[in-house]
$ cat query.pdb   # PDB, C-alpha atoms, pLDDT in the B column
ATOM      1  CA  MET A 197     -64.509  68.040 -16.937  1.00 45.00           C
ATOM      2  CA  LYS A 198     -63.460  64.680 -15.503  1.00 41.00           C
ATOM      3  CA  LYS A 199     -64.968  62.945 -18.526  1.00 43.00           C
ATOM      4  CA  TYR A 200     -62.985  65.210 -20.874  1.00 41.00           C
ATOM      5  CA  ALA A 201     -59.741  64.510 -18.990  1.00 43.00           C
ATOM      6  CA  LEU A 202     -60.381  60.772 -19.125  1.00 37.00           C
ATOM      7  CA  ILE A 203     -60.947  60.922 -22.896  1.00 35.00           C
ATOM      8  CA  CYS A 204     -57.703  62.890 -23.381  1.00 40.00           C
ATOM      9  CA  MET A 205     -55.760  60.351 -21.311  1.00 36.00           C
ATOM     10  CA  LEU A 206     -57.221  57.462 -23.316  1.00 33.00           C
ATOM     11  CA  CYS A 207     -56.206  59.165 -26.563  1.00 36.00           C
ATOM     12  CA  LEU A 208     -52.632  59.560 -25.320  1.00 33.00           C
ATOM     13  CA  VAL A 209     -52.426  55.874 -24.348  1.00 33.00           C
ATOM     14  CA  LEU A 210     -53.780  54.782 -27.750  1.00 30.00           C
ATOM     15  CA  ALA A 211     -51.385  57.141 -29.527  1.00 36.00           C
ATOM     16  CA  GLY A 212     -48.454  55.609 -27.640  1.00 38.00           C
ATOM     17  CA  CYS A 213     -49.549  52.098 -28.567  1.00 38.00           C
ATOM     18  CA  GLY A 214     -49.855  53.135 -32.182  1.00 36.00           C
ATOM     19  CA  ALA A 215     -46.369  54.661 -32.161  1.00 35.00           C
ATOM     20  CA  ARG A 216     -44.836  51.479 -30.737  1.00 36.00           C
ATOM     21  CA  ALA A 217     -46.661  49.323 -33.259  1.00 36.00           C
ATOM     22  CA  GLY A 218     -45.501  51.609 -36.030  1.00 38.00           C
ATOM     23  CA  SER A 219     -41.914  51.331 -34.796  1.00 41.00           C
ATOM     24  CA  ARG A 220     -42.035  47.524 -34.988  1.00 44.00           C
ATOM     25  CA  GLY A 221     -43.559  47.698 -38.429  1.00 41.00           C
ATOM     26  CA  ALA A 222     -40.847  50.067 -39.604  1.00 47.00           C
ATOM     27  CA  SER A 223     -38.176  47.712 -38.300  1.00 59.00           C
ATOM     28  CA  SER A 224     -39.738  44.726 -40.047  1.00 61.00           C
ATOM     29  CA  ALA A 225     -39.978  46.652 -43.314  1.00 72.00           C
ATOM     30  CA  MET A 226     -36.394  47.968 -43.078  1.00 87.00           C
ATOM     31  CA  HIS A 227     -34.395  47.588 -46.279  1.00 89.00           C
ATOM     32  CA  PRO A 228     -31.599  44.943 -46.059  1.00 90.00           C
ATOM     33  CA  LYS A 229     -29.008  47.607 -46.880  1.00 93.00           C
ATOM     34  CA  GLU A 230     -30.116  49.696 -43.919  1.00 94.00           C
ATOM     35  CA  VAL A 231     -30.053  46.627 -41.685  1.00 95.00           C
ATOM     36  CA  ASP A 232     -26.486  45.954 -42.797  1.00 94.00           C
ATOM     37  CA  LEU A 233     -25.435  49.542 -42.072  1.00 95.00           C
ATOM     38  CA  ARG A 234     -27.071  49.508 -38.656  1.00 96.00           C
ATOM     39  CA  LEU A 235     -25.351  46.234 -37.751  1.00 97.00           C
ATOM     40  CA  ASN A 236     -22.076  47.818 -38.819  1.00 96.00           C
ATOM     41  CA  LEU A 237     -22.794  50.561 -36.296  1.00 97.00           C
ATOM     42  CA  VAL A 238     -23.625  47.983 -33.639  1.00 97.00           C
ATOM     43  CA  GLU A 239     -20.319  46.228 -34.251  1.00 97.00           C
ATOM     44  CA  SER A 240     -18.479  49.539 -34.112  1.00 97.00           C
ATOM     45  CA  HIS A 241     -19.915  50.114 -30.639  1.00 97.00           C
ATOM     46  CA  ILE A 242     -18.951  46.572 -29.626  1.00 97.00           C
ATOM     47  CA  THR A 243     -15.378  47.170 -30.776  1.00 97.00           C
ATOM     48  CA  GLY A 244     -15.348  50.348 -28.681  1.00 97.00           C
ATOM     49  CA  ARG A 245     -16.742  48.445 -25.671  1.00 97.00           C
ATOM     50  CA  GLN A 246     -19.831  50.655 -25.685  1.00 98.00           C
ATOM     51  CA  TYR A 247     -22.153  47.761 -25.023  1.00 97.00           C
ATOM     52  CA  GLN A 248     -25.199  49.728 -23.898  1.00 97.00           C
ATOM     53  CA  LEU A 249     -25.114  51.817 -27.065  1.00 97.00           C
ATOM     54  CA  ALA A 250     -24.630  48.669 -29.123  1.00 97.00           C
ATOM     55  CA  LEU A 251     -27.670  47.082 -27.503  1.00 97.00           C
ATOM     56  CA  GLN A 252     -29.807  50.155 -28.159  1.00 97.00           C
ATOM     57  CA  GLU A 253     -28.893  50.074 -31.840  1.00 96.00           C
ATOM     58  CA  LEU A 254     -29.365  46.314 -32.069  1.00 97.00           C
ATOM     59  CA  LEU A 255     -32.919  46.474 -30.730  1.00 96.00           C
ATOM     60  CA  LYS A 256     -33.813  48.954 -33.459  1.00 95.00           C
ATOM     61  CA  VAL A 257     -33.349  46.276 -36.114  1.00 95.00           C
ATOM     62  CA  GLU A 258     -34.766  43.324 -34.201  1.00 94.00           C
ATOM     63  CA  GLY A 259     -37.850  42.926 -36.367  1.00 93.00           C
ATOM     64  CA  ALA A 260     -35.883  43.060 -39.610  1.00 94.00           C
ATOM     65  CA  ALA A 261     -32.806  41.114 -38.503  1.00 95.00           C
ATOM     66  CA  ASP A 262     -34.071  38.397 -36.170  1.00 95.00           C
ATOM     67  CA  HIS A 263     -33.605  35.811 -38.937  1.00 96.00           C
ATOM     68  CA  LEU A 264     -29.904  36.693 -39.374  1.00 97.00           C
ATOM     69  CA  SER A 265     -27.157  34.741 -37.622  1.00 98.00           C
ATOM     70  CA  ARG A 266     -25.098  37.940 -37.588  1.00 98.00           C
ATOM     71  CA  TYR A 267     -27.760  39.694 -35.512  1.00 98.00           C
ATOM     72  CA  HIS A 268     -27.722  36.973 -32.857  1.00 98.00           C
ATOM     73  CA  PHE A 269     -23.919  36.752 -32.896  1.00 98.00           C
ATOM     74  CA  ASP A 270     -23.755  40.487 -32.182  1.00 98.00           C
ATOM     75  CA  SER A 271     -26.309  39.956 -29.437  1.00 98.00           C
ATOM     76  CA  GLY A 272     -24.054  37.330 -27.894  1.00 98.00           C
ATOM     77  CA  LEU A 273     -21.057  39.666 -27.987  1.00 98.00           C
ATOM     78  CA  ILE A 274     -23.026  42.493 -26.388  1.00 98.00           C
ATOM     79  CA  TYR A 275     -24.354  40.391 -23.534  1.00 98.00           C
ATOM     80  CA  LEU A 276     -20.905  38.892 -23.038  1.00 97.00           C
ATOM     81  CA  GLY A 277     -19.557  42.417 -22.682  1.00 97.00           C
ATOM     82  CA  LEU A 278     -22.294  43.168 -20.147  1.00 98.00           C
ATOM     83  CA  ASP A 279     -21.429  39.959 -18.240  1.00 97.00           C
ATOM     84  CA  GLU A 280     -24.866  38.506 -18.908  1.00 98.00           C
ATOM     85  CA  LEU A 281     -23.613  35.022 -19.684  1.00 98.00           C
ATOM     86  CA  GLU A 282     -26.931  33.215 -20.026  1.00 98.00           C
ATOM     87  CA  LYS A 283     -28.193  35.833 -22.475  1.00 98.00           C
ATOM     88  CA  ALA A 284     -24.886  35.677 -24.343  1.00 98.00           C
ATOM     89  CA  ARG A 285     -25.294  31.909 -24.558  1.00 98.00           C
ATOM     90  CA  ASP A 286     -28.779  32.382 -26.013  1.00 98.00           C
ATOM     91  CA  GLY A 287     -27.390  34.736 -28.672  1.00 98.00           C
ATOM     92  CA  PHE A 288     -24.603  32.423 -29.813  1.00 98.00           C
ATOM     93  CA  THR A 289     -26.911  29.403 -29.665  1.00 98.00           C
ATOM     94  CA  LYS A 290     -29.423  31.106 -31.940  1.00 98.00           C
ATOM     95  CA  ALA A 291     -26.620  32.139 -34.319  1.00 98.00           C
ATOM     96  CA  VAL A 292     -25.468  28.548 -34.814  1.00 98.00           C
ATOM     97  CA  GLU A 293     -29.037  27.298 -35.100  1.00 98.00           C
ATOM     98  CA  ILE A 294     -29.451  29.633 -38.066  1.00 98.00           C
ATOM     99  CA  ASP A 295     -25.994  28.934 -39.524  1.00 98.00           C
ATOM    100  CA  ASP A 296     -24.503  25.596 -38.530  1.00 98.00           C
ATOM    101  CA  ASP A 297     -21.170  26.547 -40.146  1.00 98.00           C
ATOM    102  CA  PHE A 298     -20.716  29.752 -38.101  1.00 98.00           C
ATOM    103  CA  ALA A 299     -17.400  28.628 -36.607  1.00 98.00           C
ATOM    104  CA  GLU A 300     -16.683  31.777 -34.612  1.00 98.00           C
ATOM    105  CA  ALA A 301     -20.102  31.585 -32.974  1.00 98.00           C
ATOM    106  CA  TRP A 302     -19.459  27.940 -32.051  1.00 98.00           C
ATOM    107  CA  ASN A 303     -16.112  28.904 -30.513  1.00 98.00           C
ATOM    108  CA  ASN A 304     -17.671  31.743 -28.508  1.00 98.00           C
ATOM    109  CA  LEU A 305     -20.486  29.450 -27.424  1.00 98.00           C
ATOM    110  CA  GLY A 306     -17.831  27.070 -26.134  1.00 98.00           C
ATOM    111  CA  LYS A 307     -16.253  29.849 -24.069  1.00 98.00           C
ATOM    112  CA  ILE A 308     -19.614  30.731 -22.555  1.00 98.00           C
ATOM    113  CA  GLU A 309     -20.456  27.101 -21.777  1.00 98.00           C
ATOM    114  CA  GLU A 310     -17.059  26.675 -20.123  1.00 98.00           C
ATOM    115  CA  ALA A 311     -17.532  29.846 -18.058  1.00 97.00           C
ATOM    116  CA  LEU A 312     -20.902  28.488 -16.931  1.00 97.00           C
ATOM    117  CA  GLY A 313     -19.290  25.234 -15.830  1.00 97.00           C
ATOM    118  CA  ARG A 314     -20.742  23.125 -18.651  1.00 98.00           C
ATOM    119  CA  ASP A 315     -17.563  21.409 -19.791  1.00 98.00           C
ATOM    120  CA  SER A 316     -19.146  18.713 -21.953  1.00 98.00           C
ATOM    121  CA  GLN A 317     -21.160  21.302 -23.892  1.00 98.00           C
ATOM    122  CA  ALA A 318     -18.071  23.509 -24.185  1.00 98.00           C
ATOM    123  CA  GLU A 319     -15.994  20.631 -25.553  1.00 98.00           C
ATOM    124  CA  ALA A 320     -18.655  19.799 -28.130  1.00 98.00           C
ATOM    125  CA  ALA A 321     -18.839  23.429 -29.257  1.00 98.00           C
ATOM    126  CA  TYR A 322     -15.045  23.740 -29.575  1.00 98.00           C
ATOM    127  CA  ARG A 323     -14.834  20.511 -31.544  1.00 98.00           C
ATOM    128  CA  LYS A 324     -17.593  21.660 -33.865  1.00 98.00           C
ATOM    129  CA  SER A 325     -15.853  25.004 -34.375  1.00 98.00           C
ATOM    130  CA  PHE A 326     -12.512  23.389 -35.172  1.00 98.00           C
ATOM    131  CA  SER A 327     -14.126  20.942 -37.597  1.00 98.00           C
ATOM    132  CA  ILE A 328     -15.417  23.739 -39.844  1.00 98.00           C
ATOM    133  CA  LEU A 329     -12.714  23.988 -42.502  1.00 96.00           C
ATOM    134  CA  THR A 330     -13.706  27.491 -43.586  1.00 96.00           C
ATOM    135  CA  TYR A 331     -12.907  28.910 -40.135  1.00 97.00           C
ATOM    136  CA  VAL A 332     -10.290  31.614 -40.641  1.00 97.00           C
ATOM    137  CA  THR A 333      -8.753  31.275 -37.164  1.00 98.00           C
ATOM    138  CA  PRO A 334      -9.183  27.603 -36.142  1.00 98.00           C
ATOM    139  CA  GLU A 335      -6.201  27.888 -33.816  1.00 98.00           C
ATOM    140  CA  PHE A 336      -8.477  29.662 -31.315  1.00 98.00           C
ATOM    141  CA  ALA A 337     -10.850  26.705 -31.083  1.00 98.00           C
ATOM    142  CA  ALA A 338      -7.951  24.231 -30.921  1.00 98.00           C
ATOM    143  CA  TYR A 339      -6.278  26.235 -28.147  1.00 98.00           C
ATOM    144  CA  ASN A 340      -9.490  26.643 -26.156  1.00 98.00           C
ATOM    145  CA  LEU A 341     -10.189  22.927 -26.394  1.00 98.00           C
ATOM    146  CA  GLY A 342      -6.607  22.132 -25.443  1.00 98.00           C
ATOM    147  CA  THR A 343      -6.757  24.279 -22.301  1.00 98.00           C
ATOM    148  CA  LEU A 344     -10.049  22.652 -21.298  1.00 98.00           C
ATOM    149  CA  LEU A 345      -8.568  19.183 -21.777  1.00 98.00           C
ATOM    150  CA  LEU A 346      -5.456  20.148 -19.808  1.00 98.00           C
ATOM    151  CA  ARG A 347      -7.615  21.376 -16.936  1.00 98.00           C
ATOM    152  CA  GLN A 348      -9.389  18.013 -16.969  1.00 98.00           C
ATOM    153  CA  GLY A 349      -6.076  16.120 -16.891  1.00 98.00           C
ATOM    154  CA  ARG A 350      -6.526  14.683 -20.395  1.00 98.00           C
ATOM    155  CA  LEU A 351      -2.917  15.431 -21.252  1.00 98.00           C
ATOM    156  CA  LYS A 352      -2.448  13.454 -24.463  1.00 98.00           C
ATOM    157  CA  GLU A 353      -5.530  15.041 -26.023  1.00 98.00           C
ATOM    158  CA  ALA A 354      -4.468  18.477 -24.792  1.00 98.00           C
ATOM    159  CA  GLU A 355      -1.065  18.032 -26.425  1.00 98.00           C
ATOM    160  CA  ASP A 356      -2.738  16.956 -29.654  1.00 98.00           C
ATOM    161  CA  PHE A 357      -4.840  20.092 -29.854  1.00 98.00           C
ATOM    162  CA  GLY A 358      -1.944  22.316 -28.863  1.00 98.00           C
ATOM    163  CA  ARG A 359      -0.029  20.920 -31.816  1.00 98.00           C
ATOM    164  CA  LYS A 360      -3.053  21.343 -34.066  1.00 98.00           C
ATOM    165  CA  ALA A 361      -3.282  25.001 -33.070  1.00 98.00           C
ATOM    166  CA  LEU A 362       0.337  25.527 -34.117  1.00 98.00           C
ATOM    167  CA  ALA A 363      -0.163  23.547 -37.326  1.00 98.00           C
ATOM    168  CA  ARG A 364      -2.873  26.048 -38.263  1.00 97.00           C
ATOM    169  CA  ASN A 365      -0.867  29.086 -37.169  1.00 98.00           C
ATOM    170  CA  TRP A 366       2.733  28.681 -36.013  1.00 97.00           C
ATOM    171  CA  ARG A 367       2.794  32.287 -34.800  1.00 97.00           C
ATOM    172  CA  PHE A 368      -0.053  31.712 -32.328  1.00 98.00           C
ATOM    173  CA  ILE A 369       1.936  32.274 -29.129  1.00 97.00           C
ATOM    174  CA  PRO A 370      -0.626  31.027 -26.545  1.00 97.00           C
ATOM    175  CA  ALA A 371      -0.376  27.522 -28.035  1.00 98.00           C
ATOM    176  CA  TYR A 372       3.336  27.333 -27.160  1.00 98.00           C
ATOM    177  CA  LYS A 373       2.519  28.104 -23.523  1.00 98.00           C
ATOM    178  CA  LEU A 374      -0.260  25.502 -23.603  1.00 98.00           C
ATOM    179  CA  LEU A 375       2.138  22.831 -24.845  1.00 98.00           C
ATOM    180  CA  SER A 376       4.696  23.854 -22.241  1.00 98.00           C
ATOM    181  CA  ASP A 377       2.106  23.437 -19.482  1.00 98.00           C
ATOM    182  CA  VAL A 378       1.146  20.033 -20.883  1.00 98.00           C
ATOM    183  CA  PHE A 379       4.781  18.920 -20.890  1.00 98.00           C
ATOM    184  CA  VAL A 380       5.336  20.158 -17.337  1.00 98.00           C
ATOM    185  CA  ALA A 381       2.259  18.190 -16.233  1.00 98.00           C
ATOM    186  CA  GLN A 382       3.883  15.118 -17.844  1.00 97.00           C
ATOM    187  CA  ASN A 383       7.242  15.922 -16.198  1.00 97.00           C
ATOM    188  CA  ARG A 384       8.793  16.467 -19.642  1.00 98.00           C
ATOM    189  CA  MET A 385      10.839  19.468 -18.536  1.00 98.00           C
ATOM    190  CA  ASP A 386      13.249  19.554 -21.473  1.00 97.00           C
ATOM    191  CA  ASP A 387      10.358  19.443 -23.930  1.00 98.00           C
ATOM    192  CA  ALA A 388       8.662  22.289 -22.054  1.00 98.00           C
ATOM    193  CA  GLU A 389      11.791  24.421 -22.354  1.00 98.00           C
ATOM    194  CA  ALA A 390      12.225  23.554 -26.031  1.00 98.00           C
ATOM    195  CA  VAL A 391       8.671  24.511 -26.987  1.00 98.00           C
ATOM    196  CA  LEU A 392       8.953  27.862 -25.183  1.00 98.00           C
ATOM    197  CA  LYS A 393      12.171  28.554 -27.072  1.00 98.00           C
ATOM    198  CA  SER A 394      10.301  27.771 -30.293  1.00 98.00           C
ATOM    199  CA  GLY A 395       7.615  30.222 -29.230  1.00 97.00           C
ATOM    200  CA  LEU A 396      10.235  32.903 -28.714  1.00 97.00           C
ATOM    201  CA  GLU A 397      11.595  32.213 -32.186  1.00 97.00           C
ATOM    202  CA  ALA A 398       8.078  32.681 -33.552  1.00 97.00           C
ATOM    203  CA  ASP A 399       7.847  36.090 -31.888  1.00 96.00           C
ATOM    204  CA  MET A 400      11.091  37.538 -30.577  1.00 95.00           C
ATOM    205  CA  ASN A 401       9.201  40.410 -28.920  1.00 95.00           C
ATOM    206  CA  SER A 402       6.788  38.260 -26.929  1.00 96.00           C
ATOM    207  CA  THR A 403       7.472  39.300 -23.341  1.00 97.00           C
ATOM    208  CA  SER A 404       4.974  36.728 -22.063  1.00 96.00           C
ATOM    209  CA  THR A 405       6.968  33.932 -23.730  1.00 97.00           C
ATOM    210  CA  MET A 406      10.269  35.323 -22.424  1.00 97.00           C
ATOM    211  CA  LEU A 407       8.878  35.414 -18.899  1.00 97.00           C
ATOM    212  CA  ALA A 408       7.404  31.919 -19.142  1.00 98.00           C
ATOM    213  CA  LEU A 409      10.712  30.553 -20.451  1.00 97.00           C
ATOM    214  CA  ALA A 410      12.747  32.333 -17.787  1.00 97.00           C
ATOM    215  CA  GLU A 411      10.462  31.120 -14.996  1.00 97.00           C
ATOM    216  CA  HIS A 412      10.701  27.579 -16.322  1.00 97.00           C
ATOM    217  CA  GLN A 413      14.496  27.819 -16.440  1.00 97.00           C
ATOM    218  CA  VAL A 414      14.502  28.900 -12.790  1.00 96.00           C
ATOM    219  CA  ARG A 415      12.445  25.799 -11.938  1.00 95.00           C
ATOM    220  CA  ILE A 416      14.863  23.451 -13.734  1.00 96.00           C
ATOM    221  CA  GLY A 417      17.985  25.050 -12.261  1.00 96.00           C
ATOM    222  CA  LYS A 418      19.143  27.166 -15.211  1.00 96.00           C
ATOM    223  CA  SER A 419      19.296  30.384 -13.211  1.00 95.00           C
ATOM    224  CA  SER A 420      22.034  31.990 -15.294  1.00 95.00           C
ATOM    225  CA  GLU A 421      20.052  31.654 -18.533  1.00 96.00           C
ATOM    226  CA  ALA A 422      16.918  32.795 -16.758  1.00 96.00           C
ATOM    227  CA  LYS A 423      18.697  35.874 -15.421  1.00 96.00           C
ATOM    228  CA  ASP A 424      19.693  36.875 -18.960  1.00 96.00           C
ATOM    229  CA  LEU A 425      16.050  36.747 -20.031  1.00 97.00           C
ATOM    230  CA  PHE A 426      14.817  38.651 -16.984  1.00 96.00           C
ATOM    231  CA  GLU A 427      17.386  41.382 -17.687  1.00 96.00           C
ATOM    232  CA  ARG A 428      16.327  41.522 -21.328  1.00 97.00           C
ATOM    233  CA  ILE A 429      12.691  42.000 -20.340  1.00 97.00           C
ATOM    234  CA  ALA A 430      13.501  44.658 -17.758  1.00 96.00           C
ATOM    235  CA  LYS A 431      15.788  46.644 -20.083  1.00 97.00           C
ATOM    236  CA  GLN A 432      14.058  46.315 -23.440  1.00 96.00           C
ATOM    237  CA  TYR A 433      10.435  46.317 -22.276  1.00 96.00           C
ATOM    238  CA  PRO A 434      10.484  48.345 -19.023  1.00 96.00           C
ATOM    239  CA  LYS A 435       6.817  49.387 -19.270  1.00 95.00           C
ATOM    240  CA  SER A 436       5.443  45.904 -19.853  1.00 95.00           C
ATOM    241  CA  SER A 437       3.555  44.066 -17.137  1.00 94.00           C
ATOM    242  CA  GLU A 438       6.186  41.334 -17.329  1.00 96.00           C
ATOM    243  CA  ALA A 439       8.995  43.792 -16.491  1.00 97.00           C
ATOM    244  CA  LYS A 440       7.912  44.166 -12.861  1.00 96.00           C
ATOM    245  CA  VAL A 441       7.879  40.394 -12.405  1.00 97.00           C
ATOM    246  CA  ALA A 442      11.283  40.161 -14.097  1.00 96.00           C
ATOM    247  CA  ARG A 443      12.741  42.793 -11.752  1.00 96.00           C
ATOM    248  CA  ASP A 444      11.380  40.893  -8.743  1.00 95.00           C
ATOM    249  CA  TYR A 445      13.097  37.728  -9.960  1.00 96.00           C
ATOM    250  CA  LEU A 446      16.347  39.621 -10.524  1.00 95.00           C
ATOM    251  CA  ASP A 447      16.274  40.826  -6.924  1.00 93.00           C
ATOM    252  CA  LEU A 448      15.877  37.211  -5.772  1.00 91.00           C
ATOM    253  CA  LEU A 449      18.660  35.950  -8.028  1.00 90.00           C
ATOM    254  CA  GLN A 450      21.248  38.490  -6.862  1.00 81.00           C
TER     255      GLN A 450
END

$ encode --input "query.pdb" --output "structure tokens"
Amino acid sequence: MKKYALICMLCLVLAGCGARAGSRGASSAMHPKEVDLRLNLVESHITGRQYQLALQELLKVEGAADHLSRYHFDSGLIYLGLDELEKARDGFTKAVEIDDDFAEAWNNLGKIEEALGRDSQAEAAYRKSFSILTYVTPEFAAYNLGTLLLRQGRLKEAEDFGRKALARNWRFIPAYKLLSDVFVAQNRMDDAEAVLKSGLEADMNSTSTMLALAEHQVRIGKSSEAKDLFERIAKQYPKSSEAKVARDYLDLLQ
């Protein structure tokens, strides 16, 4: 009886091994169209912040998609969402090894390197990303590099990349705030105010720019103009996160 039970157990183990081997074989033999559809599903889960589901779907196509930069880019996004930064770095690194012109992957790799405290690697990745002329949104790489340079006190270079971000996309609001911070660090207060006003002209509904401009005007003694902006935020955008800050300032300026 014991011998019979042992044989049955051995058969179950072998069957399980065969099933797993068959699963890998099926993944490797998966048609490219199916791989594409499954990666679409993965990316849908990523967009919905369902990172565990995305990872489950991604692993199903590993054998058939491991050679694709898209597969590893998605891997990087998933692990980033799961706060597994080293694994995210591995994903983006593999993506750019496969496709050296994958600008978005280079930019994301830069963000990961910066988060891990590897500034020199982050700078190199941002510069590579920005240098790829086919990148649809190069302002992101320019802005990220500019903020890194500002943090390091390299103000002239930071200003240069802030301007480059706006040259690529004049509606990219974060770049106006970057330039303002650079000017403040250089004690160029009038320039800081002027660039924030330009940012508000680029997007009249940007509450973050309104708040930044109003706060700067308080610092340089233009309380009356600042009060007008705080009131505008509080009245026109009462549910925004900036409205609470604006109301606090209004209480102080009474």

$ atom_distance --input "query.pdb" --atom1 "atom CA of A:Tyr322" --atom2 "atom CA of A:Lys290"
16.3 Å

$ atom_distance --input "query.pdb" --atom1 "atom CA of A:Arg359" --atom2 "atom CA of A:Ala301"
22.8 Å

$ residues_around --input "query.pdb" --residues "A:Ala284" --least-positions-apart "6" --cutoff "12 Å" --atoms "only C-alpha atoms" --output "ChimeraX atom specification"
/A:268-278,290-291,301,304-309,311-312

$ write_last_selection --input "query.pdb" --atoms "C-alpha atoms" --output "PDB file, in the frame of the given file"
ATOM      1  CA  HIS A 268     -27.722  36.973 -32.857  1.00 98.00           C
ATOM      2  CA  PHE A 269     -23.919  36.752 -32.896  1.00 98.00           C
ATOM      3  CA  ASP A 270     -23.755  40.487 -32.182  1.00 98.00           C
ATOM      4  CA  SER A 271     -26.309  39.956 -29.437  1.00 98.00           C
ATOM      5  CA  GLY A 272     -24.054  37.330 -27.894  1.00 98.00           C
ATOM      6  CA  LEU A 273     -21.057  39.666 -27.987  1.00 98.00           C
ATOM      7  CA  ILE A 274     -23.026  42.493 -26.388  1.00 98.00           C
ATOM      8  CA  TYR A 275     -24.354  40.391 -23.534  1.00 98.00           C
ATOM      9  CA  LEU A 276     -20.905  38.892 -23.038  1.00 97.00           C
ATOM     10  CA  GLY A 277     -19.557  42.417 -22.682  1.00 97.00           C
ATOM     11  CA  LEU A 278     -22.294  43.168 -20.147  1.00 98.00           C
ATOM     12  CA  LYS A 290     -29.423  31.106 -31.940  1.00 98.00           C
ATOM     13  CA  ALA A 291     -26.620  32.139 -34.319  1.00 98.00           C
ATOM     14  CA  ALA A 301     -20.102  31.585 -32.974  1.00 98.00           C
ATOM     15  CA  ASN A 304     -17.671  31.743 -28.508  1.00 98.00           C
ATOM     16  CA  LEU A 305     -20.486  29.450 -27.424  1.00 98.00           C
ATOM     17  CA  GLY A 306     -17.831  27.070 -26.134  1.00 98.00           C
ATOM     18  CA  LYS A 307     -16.253  29.849 -24.069  1.00 98.00           C
ATOM     19  CA  ILE A 308     -19.614  30.731 -22.555  1.00 98.00           C
ATOM     20  CA  GLU A 309     -20.456  27.101 -21.777  1.00 98.00           C
ATOM     21  CA  ALA A 311     -17.532  29.846 -18.058  1.00 97.00           C
ATOM     22  CA  LEU A 312     -20.902  28.488 -16.931  1.00 97.00           C
TER      23      LEU A 312
END

$ closest_residue --input "query.pdb" --among "A:Asp444, A:Glu280, A:Asp356, A:Glu389" --to "A:Glu421" --atoms "only C-alpha atoms"
A:Glu389

$ axis_aligned_box --input "query.pdb" --around "stretch 265-271 of chain A" --padding-each-side "6 Å" --output "JSON"
{"center_x": -25.8, "center_y": 37.6, "center_z": -33.5, "size_x": 16.0, "size_y": 17.7, "size_z": 20.2}

$ resolve_selection --input "query.pdb" --expression "the PyMOL selection byres ((chain A and resi 292) around 12)" --output "number ranges by chain"
A: 263-269, 272, 285-291, 293-306, 321, 324-325

$ write_last_selection --input "query.pdb" --atoms "C-alpha atoms" --output "PDB file, in the frame of the given file"
ATOM      1  CA  HIS A 263     -33.605  35.811 -38.937  1.00 96.00           C
ATOM      2  CA  LEU A 264     -29.904  36.693 -39.374  1.00 97.00           C
ATOM      3  CA  SER A 265     -27.157  34.741 -37.622  1.00 98.00           C
ATOM      4  CA  ARG A 266     -25.098  37.940 -37.588  1.00 98.00           C
ATOM      5  CA  TYR A 267     -27.760  39.694 -35.512  1.00 98.00           C
ATOM      6  CA  HIS A 268     -27.722  36.973 -32.857  1.00 98.00           C
ATOM      7  CA  PHE A 269     -23.919  36.752 -32.896  1.00 98.00           C
ATOM      8  CA  GLY A 272     -24.054  37.330 -27.894  1.00 98.00           C
ATOM      9  CA  ARG A 285     -25.294  31.909 -24.558  1.00 98.00           C
ATOM     10  CA  ASP A 286     -28.779  32.382 -26.013  1.00 98.00           C
ATOM     11  CA  GLY A 287     -27.390  34.736 -28.672  1.00 98.00           C
ATOM     12  CA  PHE A 288     -24.603  32.423 -29.813  1.00 98.00           C
ATOM     13  CA  THR A 289     -26.911  29.403 -29.665  1.00 98.00           C
ATOM     14  CA  LYS A 290     -29.423  31.106 -31.940  1.00 98.00           C
ATOM     15  CA  ALA A 291     -26.620  32.139 -34.319  1.00 98.00           C
ATOM     16  CA  GLU A 293     -29.037  27.298 -35.100  1.00 98.00           C
ATOM     17  CA  ILE A 294     -29.451  29.633 -38.066  1.00 98.00           C
ATOM     18  CA  ASP A 295     -25.994  28.934 -39.524  1.00 98.00           C
ATOM     19  CA  ASP A 296     -24.503  25.596 -38.530  1.00 98.00           C
ATOM     20  CA  ASP A 297     -21.170  26.547 -40.146  1.00 98.00           C
ATOM     21  CA  PHE A 298     -20.716  29.752 -38.101  1.00 98.00           C
ATOM     22  CA  ALA A 299     -17.400  28.628 -36.607  1.00 98.00           C
ATOM     23  CA  GLU A 300     -16.683  31.777 -34.612  1.00 98.00           C
ATOM     24  CA  ALA A 301     -20.102  31.585 -32.974  1.00 98.00           C
ATOM     25  CA  TRP A 302     -19.459  27.940 -32.051  1.00 98.00           C
ATOM     26  CA  ASN A 303     -16.112  28.904 -30.513  1.00 98.00           C
ATOM     27  CA  ASN A 304     -17.671  31.743 -28.508  1.00 98.00           C
ATOM     28  CA  LEU A 305     -20.486  29.450 -27.424  1.00 98.00           C
ATOM     29  CA  GLY A 306     -17.831  27.070 -26.134  1.00 98.00           C
ATOM     30  CA  ALA A 321     -18.839  23.429 -29.257  1.00 98.00           C
ATOM     31  CA  LYS A 324     -17.593  21.660 -33.865  1.00 98.00           C
ATOM     32  CA  SER A 325     -15.853  25.004 -34.375  1.00 98.00           C
TER      33      SER A 325
END

$ closest_residue --input "query.pdb" --among "A:Ala361, A:Ala318, A:Ile416, A:Leu345" --to "A:Thr333" --atoms "only C-alpha atoms"
A:Ala361

$ resolve_selection --input "query.pdb" --expression "the PyMOL selection byres ((chain A and resi 381) around 12)" --output "JSON, numbers by chain"
{"A": [346, 347, 348, 349, 350, 351, 352, 354, 355, 374, 375, 376, 377, 378, 379, 380, 382, 383, 384, 385, 387, 388]}

$ residues_near_point --input "query.pdb" --point "(-23.8, 51.5, -25.1)" --cutoff "12 Å" --atoms "all atoms listed in the file" --output "list in words"
Leu237, Val238, Glu239, Ser240, His241, Ile242, Thr243, Gly244, Arg245, Gln246, Tyr247, Gln248, Leu249, Ala250, Leu251, Gln252, Glu253, Leu254, Leu255, Ile274, Tyr275, Gly277 and Leu278 of chain A

$ atom_distance --input "query.pdb" --atom1 "atom CA of A:Leu409" --atom2 "atom CA of A:Lys393"
7.1 Å
